[in-house]
Amino acid sequence: MAVAALFTTADATPDCLGQIRNLFFTAFDETFTEEDWEHTLGGWHVVVKEGGAVIAHAAVVPRVLEVAGCPFYTGYVEGVATHPDRQRQGLGSQTMGEVSRLLRSEFEMGALSTRVQGFYERLGWKRWQGPTYVRQGSRLVRTVKEDAGVMVLPFGPSKEIDLSASISCQSRLGDDW
């Protein structure tokens, strides 16, 4: 039976982090970068284990996203993966269900960037319809190629946000979004 667990990066064992990293390489082949790994660290991890092995994962890291200039303390979802042999068995949905509970208890909004919007839409996520930007100091730099992939899970104070407004994140190494 698959069991979900929630813990912070600081509380993770080296073995568990190693299993998570190996899951990414198995699920994403050569497209998983060192920056992608760094983006998954420093927040919370939801893992689904079976027989002691990590078979699904999602990370939530704190970020401040600005919607039309208004800051929202956001749980940004990174590193969502299910072992290829276990895909289409509900493990990704189980993982994201735990992520949703974490987001609602700790943050003002959830956000992520993906090419597979349909999976997240059926879980209540909304496609961002406005322009995306990255903040580099006091400068805003347009990120047109990200427009189609940013999604949010609005609730609480963010429930009434305008999905057609501008949204921005702070610049970081690797993919900003």
# chains A, B, ... in the order shown; residues from 1 in each chain; ligands from 1

$ select_by_dssp --residues "segment 9-86 of chain A" --states "strand (DSSP E)" --output "PyMOL selection string"
chain A and resi 44-50+53-67+70-82

$ residues_around --residues "segment 140-146 of chain A" --least-positions-apart "3" --cutoff "8 Å" --atoms "only C-alpha atoms" --output "short mmCIF file (atom, residue, chain, number, x, y, z; two decimals) with N, CA and C atoms, in the first residue's frame"
data_model
loop_
_atom_site.label_atom_id
_atom_site.label_comp_id
_atom_site.auth_asym_id
_atom_site.auth_seq_id
_atom_site.Cartn_x
_atom_site.Cartn_y
_atom_site.Cartn_z
N SER A 113 4.49 25.99 -12.63
CA SER A 113 4.62 26.12 -14.08
C SER A 113 4.70 24.72 -14.66
N PRO A 131 -0.12 38.44 -18.48
CA PRO A 131 1.30 38.38 -18.81
C PRO A 131 2.16 38.01 -17.60
N THR A 132 3.23 37.28 -17.86
CA THR A 132 4.17 36.89 -16.81
C THR A 132 5.45 37.72 -16.91
N TYR A 133 6.04 37.96 -15.73
CA TYR A 133 7.28 38.73 -15.65
C TYR A 133 8.19 38.10 -14.61
N VAL A 134 9.45 38.48 -14.67
CA VAL A 134 10.40 38.12 -13.63
C VAL A 134 10.96 39.43 -13.07
N ARG A 135 11.11 39.47 -11.75
CA ARG A 135 11.66 40.66 -11.09
C ARG A 135 13.17 40.48 -10.96
N GLN A 136 13.90 41.43 -11.51
CA GLN A 136 15.36 41.46 -11.38
C GLN A 136 15.71 42.78 -10.72
N GLY A 149 2.21 28.45 -19.37
CA GLY A 149 2.45 27.38 -18.42
C GLY A 149 2.18 27.68 -16.96
N VAL A 150 2.03 28.95 -16.60
CA VAL A 150 1.85 29.30 -15.19
C VAL A 150 0.41 29.01 -14.77
N SER A 168 4.29 38.24 -11.40
CA SER A 168 5.75 38.22 -11.46
C SER A 168 6.33 37.39 -10.33
N TRP A 177 10.50 30.52 -13.59
CA TRP A 177 9.16 30.00 -13.27
C TRP A 177 9.30 28.54 -13.08
#

$ residues_around --residues "Pro154 of chain A" --least-positions-apart "2" --cutoff "10 Å" --atoms "only C-alpha atoms" --output "PyMOL selection string"
chain A and resi 74+103-104+108-111+124-126+151-152+156-161+163

$ residues_around --residues "segment 68-72 of chain A" --least-positions-apart "3" --cutoff "7 Å" --atoms "only C-alpha atoms" --output "list in words"
Val64, Leu65, Glu108, Met109, Ala165, Ser166 and Ile167 of chain A

$ write_last_selection --atoms "all heavy atoms" --output "PDB file, in the first residue's frame"
ATOM      1  N   VAL A  64       7.500  34.714  -3.080  1.00  0.00           N
ATOM      2  CA  VAL A  64       6.559  35.832  -3.114  1.00  0.00           C
ATOM      3  C   VAL A  64       6.277  36.129  -4.577  1.00  0.00           C
ATOM      4  O   VAL A  64       7.176  36.522  -5.330  1.00  0.00           O
ATOM      5  CB  VAL A  64       7.113  37.078  -2.392  1.00  0.00           C
ATOM      6  CG1 VAL A  64       6.154  38.250  -2.560  1.00  0.00           C
ATOM      7  CG2 VAL A  64       7.342  36.778  -0.918  1.00  0.00           C
ATOM      8  N   LEU A  65       5.039  35.913  -4.991  1.00  0.00           N
ATOM      9  CA  LEU A  65       4.600  36.290  -6.326  1.00  0.00           C
ATOM     10  C   LEU A  65       3.801  37.567  -6.204  1.00  0.00           C
ATOM     11  O   LEU A  65       3.081  37.755  -5.210  1.00  0.00           O
ATOM     12  CB  LEU A  65       3.754  35.198  -6.966  1.00  0.00           C
ATOM     13  CG  LEU A  65       4.416  33.836  -7.179  1.00  0.00           C
ATOM     14  CD1 LEU A  65       3.499  32.931  -7.990  1.00  0.00           C
ATOM     15  CD2 LEU A  65       5.770  33.954  -7.841  1.00  0.00           C
ATOM     16  N   GLU A 108      -0.840  31.913   1.061  1.00  0.00           N
ATOM     17  CA  GLU A 108      -1.967  32.698   0.554  1.00  0.00           C
ATOM     18  C   GLU A 108      -2.410  32.236  -0.832  1.00  0.00           C
ATOM     19  O   GLU A 108      -3.508  32.566  -1.278  1.00  0.00           O
ATOM     20  CB  GLU A 108      -1.575  34.179   0.468  1.00  0.00           C
ATOM     21  CG  GLU A 108      -1.277  34.805   1.805  1.00  0.00           C
ATOM     22  CD  GLU A 108      -0.812  36.239   1.678  1.00  0.00           C
ATOM     23  OE1 GLU A 108       0.154  36.506   0.936  1.00  0.00           O
ATOM     24  OE2 GLU A 108      -1.441  37.100   2.330  1.00  0.00           O
ATOM     25  N   MET A 109      -1.540  31.503  -1.523  1.00  0.00           N
ATOM     26  CA  MET A 109      -1.829  31.065  -2.879  1.00  0.00           C
ATOM     27  C   MET A 109      -0.848  29.958  -3.244  1.00  0.00           C
ATOM     28  O   MET A 109       0.251  29.891  -2.707  1.00  0.00           O
ATOM     29  CB  MET A 109      -1.656  32.256  -3.843  1.00  0.00           C
ATOM     30  CG  MET A 109      -1.905  31.963  -5.297  1.00  0.00           C
ATOM     31  SD  MET A 109      -1.924  33.471  -6.339  1.00  0.00           S
ATOM     32  CE  MET A 109      -0.192  33.956  -6.320  1.00  0.00           C
ATOM     33  N   ALA A 165      -4.524  39.659 -14.858  1.00  0.00           N
ATOM     34  CA  ALA A 165      -3.568  40.688 -14.440  1.00  0.00           C
ATOM     35  C   ALA A 165      -2.142  40.190 -14.686  1.00  0.00           C
ATOM     36  O   ALA A 165      -1.921  39.024 -15.015  1.00  0.00           O
ATOM     37  CB  ALA A 165      -3.773  41.010 -12.954  1.00  0.00           C
ATOM     38  N   SER A 166      -1.184  41.065 -14.488  1.00  0.00           N
ATOM     39  CA  SER A 166       0.216  40.640 -14.592  1.00  0.00           C
ATOM     40  C   SER A 166       0.602  39.860 -13.341  1.00  0.00           C
ATOM     41  O   SER A 166       0.056  40.075 -12.259  1.00  0.00           O
ATOM     42  CB  SER A 166       1.115  41.864 -14.748  1.00  0.00           C
ATOM     43  OG  SER A 166       1.057  42.666 -13.592  1.00  0.00           O
ATOM     44  N   ILE A 167       1.550  38.932 -13.509  1.00  0.00           N
ATOM     45  CA  ILE A 167       2.084  38.166 -12.387  1.00  0.00           C
ATOM     46  C   ILE A 167       3.602  38.134 -12.533  1.00  0.00           C
ATOM     47  O   ILE A 167       4.118  38.038 -13.651  1.00  0.00           O
ATOM     48  CB  ILE A 167       1.482  36.743 -12.315  1.00  0.00           C
ATOM     49  CG1 ILE A 167       1.834  36.055 -10.989  1.00  0.00           C
ATOM     50  CG2 ILE A 167       1.881  35.914 -13.514  1.00  0.00           C
ATOM     51  CD1 ILE A 167       1.054  34.768 -10.730  1.00  0.00           C
TER      52      ILE A 167
END

$ closest_residue --among "A:Glu50, A:Glu78, A:Asp176, A:Asp36" --to "Val3 of chain A" --atoms "only C-alpha atoms"
A:Glu50

$ atom_distance --atom1 "atom CA of Gly97 of chain A" --atom2 "atom CA of Tyr76 of chain A"
14.6 Å

$ atom_distance --atom1 "atom CA of Arg172 of chain A" --atom2 "atom CA of Gly42 of chain A"
13.9 Å

$ residues_around --residues "Thr26 of chain A" --least-positions-apart "5" --cutoff "12 Å" --atoms "only C-alpha atoms" --output "PyMOL selection string"
chain A and resi 19-21+31-32+54-56+81-86

$ closest_residue --among "A:Gly75, A:Pro62, A:Leu6, A:Gly174" --to "Glu98 of chain A" --atoms "only C-alpha atoms"
A:Leu6

$ closest_residue --among "A:Trp128, A:Asp175, A:Ala4, A:Phe28" --to "Met96 of chain A" --atoms "only C-alpha atoms"
A:Ala4

$ residues_around --residues "His45 of chain A" --least-positions-apart "6" --cutoff "10 Å" --atoms "only C-alpha atoms" --output "JSON, numbers by chain"
{"A": [5, 6, 7, 8, 9, 11, 12, 17, 20, 57, 58, 59, 60, 61, 77, 78, 79, 80, 95, 98, 99, 102]}

$ closest_residue --among "A:Arg63, A:Arg88, A:Lys49, A:Arg127" --to "Cys169 of chain A" --atoms "only C-alpha atoms"
A:Arg63

$ atom_distance --atom1 "atom CA of Ser171 of chain A" --atom2 "atom CA of Gly137 of chain A"
8.5 Å

$ closest_residue --among "A:Val48, A:Phe25, A:Leu153, A:Gly18" --to "Glu121 of chain A" --atoms "only C-alpha atoms"
A:Leu153

$ select_by_dssp --residues "segment 10-155 of chain A" --states "helix (DSSP H, G or I)" --output "PyMOL selection string"
chain A and resi 14-31+34-39+84-86+91-106+117-121+144-146

$ closest_residue --among "A:Ala2, A:Val116, A:Ser164, A:Phe107" --to "Tyr73 of chain A" --atoms "only C-alpha atoms"
A:Phe107
